[in-house]
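Okay, so here's the structure we're looking at.
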Amino acid sequence: NDGKLTTTQITNVGLVVNGGTVQLAPNGTPAGASSLNSLVLATDSNNVPLGSLDITNNSVSILAAADADPISSIVGYLKTAYDKGAWDGAGIQSSAVASQPGTGIGYVDGNTDTGTAAASGIILVKDTWIGDVNLDGLITPEDMSVLTSNFGKTGMDWAQGDLNYDGVVNGDDWALFALGAAEFKAG
């Protein structure tokens, strides 16, 4: 349905959203971080989510065993919510990101994205600055270096510079990086 459930934190459970929105109350600190054993958003026949997880300004860790890593589902949920930057689609969304220019929902997979904020066996999804590819909360020359070294490559993820979830690091990602860097510097 179209209902909304708001909670401060969700920990150590599997979350299934069949419709409506589960929203994490804005906190933005480690105390507001959630950790899920699994995340499933029911989908329609076109694989479009029927409900949403609104992380607001928080982070969510999702277990990701190497032999059953749910990263493709998580990225799919982000893509549908992203909706070309409007953040108004169903999936993993953020009402905080939708209202703050230069921010986005970053994700890293601790099984494949070494040197990031995610431990092995964890997918980390977080409200952050667009361009913060390692999810440390900052935009640094190291983040820019990642985009530079992966420019023109396909099959990329957020930690490799794909900031619009299309799998390619290109000029669109550089434009988003510039917006994120400008807002980060101004903030």
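In the structure tokens, chains take letters A, B, ... by order of appearance, with residues numbered from 1 within each chain and ligands from 1 in the order shown.
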Per-residue DSSP, region 7-166 of chain A, filtered to helix (DSSP H, G or I), as a count of residues only: 38
With the cut-off set at 10 Å and counting only C-alpha atoms, tabulate each residue of region 48-166 of chain A with an atom at most that distance from an atom of region 3-16 of chain A, showing the nearest atom pair and its distance in Å to one decimal, ordered by chain and increasing number, as JSON lines.
{"residue": "A:Gly51", "atom": "CA", "partner": "A:Val16", "partner_atom": "CA", "distance": 9.4}
{"residue": "A:Ser52", "atom": "CA", "partner": "A:Lys4", "partner_atom": "CA", "distance": 9.3}
{"residue": "A:Leu53", "atom": "CA", "partner": "A:Leu15", "partner_atom": "CA", "distance": 9.4}
{"residue": "A:Asp54", "atom": "CA", "partner": "A:Thr6", "partner_atom": "CA", "distance": 9.1}
{"residue": "A:Ile55", "atom": "CA", "partner": "A:Gln9", "partner_atom": "CA", "distance": 9.7}
{"residue": "A:Asn58", "atom": "CA", "partner": "A:Gln9", "partner_atom": "CA", "distance": 9.3}
{"residue": "A:Ser59", "atom": "CA", "partner": "A:Gln9", "partner_atom": "CA", "distance": 10.0}
{"residue": "A:Val60", "atom": "CA", "partner": "A:Ile10", "partner_atom": "CA", "distance": 8.7}
{"residue": "A:Ser61", "atom": "CA", "partner": "A:Thr11", "partner_atom": "CA", "distance": 9.2}
{"residue": "A:Ile62", "atom": "CA", "partner": "A:Gly14", "partner_atom": "CA", "distance": 9.1}
{"residue": "A:Leu63", "atom": "CA", "partner": "A:Asn12", "partner_atom": "CA", "distance": 9.4}
Polymer residues at most 10 Å from Asn164 (chain A), only C-alpha atoms, same-chain spacing of 3 or more positions, as an MDAnalysis selection string: chainID A and resid 78:79 82:85 104:106 130 157:158 161 167:170 172:173 176
Selection from above, all heavy atoms, as a compact mmCIF listing (two decimals), in the first residue's frame, can you write it?
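Below is the file result.txt, written as the result:
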# COMPACT_ATOMS: atom_id res chain seq x y z
N LEU A 78 18.61 1.01 -6.24
CA LEU A 78 19.13 2.39 -6.33
C LEU A 78 18.79 3.02 -7.67
O LEU A 78 18.40 4.19 -7.74
CB LEU A 78 20.64 2.41 -6.09
CG LEU A 78 21.09 2.16 -4.66
CD1 LEU A 78 22.58 1.82 -4.61
CD2 LEU A 78 20.77 3.35 -3.78
N LYS A 79 18.95 2.26 -8.75
CA LYS A 79 18.67 2.78 -10.10
C LYS A 79 17.23 3.26 -10.23
O LYS A 79 16.97 4.32 -10.78
CB LYS A 79 18.93 1.71 -11.16
CG LYS A 79 20.35 1.50 -11.51
CD LYS A 79 20.46 0.43 -12.59
CE LYS A 79 21.88 0.09 -12.91
NZ LYS A 79 21.98 -0.92 -13.97
N TYR A 82 16.71 6.41 -8.12
CA TYR A 82 17.48 7.56 -8.62
C TYR A 82 16.68 8.39 -9.63
O TYR A 82 16.65 9.61 -9.55
CB TYR A 82 18.78 7.05 -9.25
CG TYR A 82 19.65 8.11 -9.88
CD1 TYR A 82 20.26 9.08 -9.10
CD2 TYR A 82 19.88 8.12 -11.25
CE1 TYR A 82 21.07 10.05 -9.67
CE2 TYR A 82 20.70 9.07 -11.83
CZ TYR A 82 21.29 10.04 -11.03
OH TYR A 82 22.10 10.99 -11.61
N ASP A 83 16.04 7.75 -10.57
CA ASP A 83 15.20 8.41 -11.57
C ASP A 83 15.85 9.69 -12.11
O ASP A 83 15.31 10.78 -12.01
CB ASP A 83 13.82 8.71 -10.98
CG ASP A 83 12.83 9.18 -12.04
OD1 ASP A 83 13.02 8.86 -13.23
OD2 ASP A 83 11.87 9.87 -11.66
N LYS A 84 17.05 9.52 -12.68
CA LYS A 84 17.80 10.63 -13.31
C LYS A 84 18.07 11.78 -12.35
O LYS A 84 18.08 12.94 -12.75
CB LYS A 84 17.09 11.09 -14.56
CG LYS A 84 16.98 10.01 -15.61
CD LYS A 84 16.25 10.45 -16.84
CE LYS A 84 16.19 9.28 -17.78
NZ LYS A 84 14.99 9.20 -18.53
N GLY A 85 18.26 11.46 -11.08
CA GLY A 85 18.61 12.48 -10.09
C GLY A 85 17.44 13.05 -9.31
O GLY A 85 17.64 13.81 -8.37
N GLY A 104 24.11 12.27 -2.88
CA GLY A 104 23.58 11.09 -3.52
C GLY A 104 23.62 9.93 -2.55
O GLY A 104 24.04 10.08 -1.41
N ILE A 105 23.21 8.78 -3.02
CA ILE A 105 23.33 7.57 -2.22
C ILE A 105 24.48 6.76 -2.81
O ILE A 105 24.39 6.25 -3.92
CB ILE A 105 22.05 6.73 -2.22
CG1 ILE A 105 20.87 7.54 -1.65
CG2 ILE A 105 22.26 5.47 -1.38
CD1 ILE A 105 19.55 6.80 -1.69
N GLY A 106 25.54 6.69 -2.04
CA GLY A 106 26.69 5.91 -2.46
C GLY A 106 26.58 4.49 -1.94
O GLY A 106 25.87 4.23 -0.97
N ILE A 130 28.04 13.48 -3.72
CA ILE A 130 28.28 12.85 -5.01
C ILE A 130 29.77 12.99 -5.31
O ILE A 130 30.29 14.10 -5.33
CB ILE A 130 27.45 13.50 -6.13
CG1 ILE A 130 25.96 13.41 -5.83
CG2 ILE A 130 27.76 12.84 -7.47
CD1 ILE A 130 25.09 14.19 -6.80
N ASP A 157 31.12 0.43 -10.74
CA ASP A 157 30.17 0.71 -9.67
C ASP A 157 30.52 2.05 -9.03
O ASP A 157 31.42 2.75 -9.49
CB ASP A 157 30.13 -0.43 -8.66
CG ASP A 157 31.44 -0.63 -7.90
OD1 ASP A 157 32.32 0.25 -7.91
OD2 ASP A 157 31.58 -1.68 -7.25
N TRP A 158 29.80 2.44 -7.98
CA TRP A 158 30.02 3.73 -7.31
C TRP A 158 31.48 3.87 -6.88
O TRP A 158 32.09 4.92 -7.08
CB TRP A 158 29.07 3.86 -6.12
CG TRP A 158 29.22 5.13 -5.35
CD1 TRP A 158 30.15 5.40 -4.38
CD2 TRP A 158 28.44 6.32 -5.47
NE1 TRP A 158 29.98 6.68 -3.89
CE2 TRP A 158 28.93 7.26 -4.55
CE3 TRP A 158 27.35 6.68 -6.28
CZ2 TRP A 158 28.38 8.53 -4.39
CZ3 TRP A 158 26.80 7.94 -6.12
CH2 TRP A 158 27.32 8.86 -5.20
N GLY A 161 33.62 5.04 -9.59
CA GLY A 161 33.31 6.32 -10.23
C GLY A 161 32.00 6.39 -10.99
O GLY A 161 31.70 7.43 -11.59
N GLY A 167 26.63 2.06 -14.91
CA GLY A 167 27.69 1.09 -15.17
C GLY A 167 28.86 1.61 -15.97
O GLY A 167 29.80 0.88 -16.24
N VAL A 168 28.83 2.90 -16.37
CA VAL A 168 29.89 3.50 -17.19
C VAL A 168 30.42 4.74 -16.49
O VAL A 168 29.66 5.51 -15.92
CB VAL A 168 29.32 3.91 -18.58
CG1 VAL A 168 30.40 4.54 -19.44
CG2 VAL A 168 28.69 2.73 -19.27
N VAL A 169 31.72 4.91 -16.50
CA VAL A 169 32.32 6.15 -15.98
C VAL A 169 32.59 7.05 -17.19
O VAL A 169 33.42 6.73 -18.03
CB VAL A 169 33.61 5.89 -15.18
CG1 VAL A 169 34.22 7.19 -14.70
CG2 VAL A 169 33.33 4.94 -14.01
N ASN A 170 31.83 8.15 -17.28
CA ASN A 170 31.94 9.04 -18.44
C ASN A 170 31.72 10.49 -18.02
O ASN A 170 31.75 10.81 -16.83
CB ASN A 170 30.95 8.60 -19.53
CG ASN A 170 29.51 8.60 -19.05
OD1 ASN A 170 29.13 9.29 -18.11
ND2 ASN A 170 28.68 7.82 -19.72
N ASP A 172 29.10 12.25 -17.85
CA ASP A 172 27.97 12.45 -16.94
C ASP A 172 28.42 12.32 -15.49
O ASP A 172 27.99 13.09 -14.62
CB ASP A 172 26.86 11.44 -17.22
CG ASP A 172 26.21 11.62 -18.59
OD1 ASP A 172 26.35 12.71 -19.18
OD2 ASP A 172 25.58 10.65 -19.07
N ASP A 173 29.28 11.35 -15.22
CA ASP A 173 29.78 11.16 -13.86
C ASP A 173 30.69 12.32 -13.45
O ASP A 173 30.67 12.75 -12.30
CB ASP A 173 30.52 9.83 -13.76
CG ASP A 173 29.60 8.67 -14.09
OD1 ASP A 173 28.61 8.47 -13.38
OD2 ASP A 173 29.87 7.97 -15.10
N LEU A 176 28.50 15.18 -12.41
CA LEU A 176 27.98 14.95 -11.07
C LEU A 176 29.07 15.14 -10.02
O LEU A 176 28.82 15.72 -8.95
CB LEU A 176 27.39 13.54 -10.97
CG LEU A 176 26.09 13.32 -11.73
CD1 LEU A 176 25.74 11.84 -11.80
CD2 LEU A 176 24.96 14.13 -11.11
9 Å contact set for Phe177 (chain A), only C-alpha atoms, chain neighbours under 2 positions out, as a ChimeraX atom specification: /A:102,129-132,139,144,147,161,163,172-175,179-182
Show me a table, sorted first by chain and then by increasing residue number, of the residues of region 60-125 of chain A having an atom at most 9 Å from region 37-44 of chain A, each with its shortest atom pair and the distance in Å to one decimal, counting only C-alpha atoms and written as JSON lines.
{"residue": "A:Ser61", "atom": "CA", "partner": "A:Asn37", "partner_atom": "CA", "distance": 8.5}
{"residue": "A:Ile62", "atom": "CA", "partner": "A:Asn37", "partner_atom": "CA", "distance": 5.9}
{"residue": "A:Leu63", "atom": "CA", "partner": "A:Asn37", "partner_atom": "CA", "distance": 5.1}
{"residue": "A:Ala64", "atom": "CA", "partner": "A:Ser38", "partner_atom": "CA", "distance": 8.1}
{"residue": "A:Pro70", "atom": "CA", "partner": "A:Ser38", "partner_atom": "CA", "distance": 8.4}
{"residue": "A:Ser73", "atom": "CA", "partner": "A:Val40", "partner_atom": "CA", "distance": 8.3}
{"residue": "A:Ile74", "atom": "CA", "partner": "A:Leu39", "partner_atom": "CA", "distance": 8.1}
{"residue": "A:Tyr77", "atom": "CA", "partner": "A:Leu41", "partner_atom": "CA", "distance": 7.9}
{"residue": "A:Gly91", "atom": "CA", "partner": "A:Leu41", "partner_atom": "CA", "distance": 7.1}
{"residue": "A:Ile92", "atom": "CA", "partner": "A:Leu41", "partner_atom": "CA", "distance": 8.9}
Gap from CA of Thr112 (chain A) to CA of Thr154 (chain A) - Å, one decimal: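 Pair CA of Thr112 (chain A) / CA of Thr154 (chain A) returns 15.8 Å.
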Shortest interatomic distance to Thr114 (chain A) - which of A:Val22, A:Gln160, A:Val97, A:Thr128, counting only C-alpha atoms: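 Among the listed residues, A:Gln160 lies closest to Thr114 (chain A).
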Spatial neighbours of Val146 (chain A), max dist 8 Å, only C-alpha atoms, sep filter under 3 positions, as a PyMOL selection string: chain A and resi 133+142-143+149-150+159-161
Export C-alpha atoms of the chosen residues as a short mmCIF file (atom, residue, chain, number, x, y, z; two decimals), in the first residue's frame?
data_model
loop_
_atom_site.label_atom_id
_atom_site.label_comp_id
_atom_site.auth_asym_id
_atom_site.auth_seq_id
_atom_site.Cartn_x
_atom_site.Cartn_y
_atom_site.Cartn_z
CA VAL A 133 33.51 7.06 -3.96
CA GLU A 142 41.84 10.28 -4.15
CA ASP A 143 38.17 10.24 -5.20
CA SER A 149 41.65 6.03 -13.79
CA ASN A 150 38.28 4.48 -14.71
CA ALA A 159 33.41 2.90 -5.76
CA GLN A 160 34.92 2.99 -9.27
CA GLY A 161 33.31 6.32 -10.23
#
Secondary structure check, strand (DSSP E) residues of chain A, as an MDAnalysis selection string: chainID A and resid 4:7 11:17 20:24 34:41 51:54 59:63 91:93 103:109 122:129
Shell of 7 Å around Val108 (chain A), only C-alpha atoms, local chain residues under 3 positions omitted, as a ChimeraX atom specification: /A:113,116,118,123-125,158-159
Those same residues - C-alpha atoms - I'd like them written as a PDB file, in the first residue's frame.
ATOM      1  CA  ASP A 113      35.555  -2.707  -3.368  1.00  0.00           C
ATOM      2  CA  THR A 116      36.405   1.584   1.097  1.00  0.00           C
ATOM      3  CA  ALA A 118      32.707  -1.459   3.846  1.00  0.00           C
ATOM      4  CA  ILE A 123      27.377  -3.810   1.341  1.00  0.00           C
ATOM      5  CA  LEU A 124      27.291  -0.259   2.688  1.00  0.00           C
ATOM      6  CA  VAL A 125      24.648   2.163   1.381  1.00  0.00           C
ATOM      7  CA  TRP A 158      30.015   3.731  -7.311  1.00  0.00           C
ATOM      8  CA  ALA A 159      33.409   2.903  -5.764  1.00  0.00           C
TER       9      ALA A 159
END
Best match for closeness to Ser120 (chain A) among A:Leu135, A:Gln93, A:Asn27, A:Asp69, counting only C-alpha atoms: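 Using only C-alpha atoms, the shortest distance to Ser120 (chain A) belongs to A:Asp69.
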Nearest residue to Pro30 (chain A) from the set A:Ala86, A:Ser95, A:Asn57, A:Asp67 (distances using only C-alpha atoms):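 The shortest atom-to-atom distance to Pro30 (chain A) comes from A:Asn57.
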Distance of CA of Ala119 (chain A) from CA of Thr148 (chain A), expressed in Å to one decimal place: 24.7 Å
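The space between CA of Val75 (chain A) and CA of Asp162 (chain A) spans 11.3 Å.
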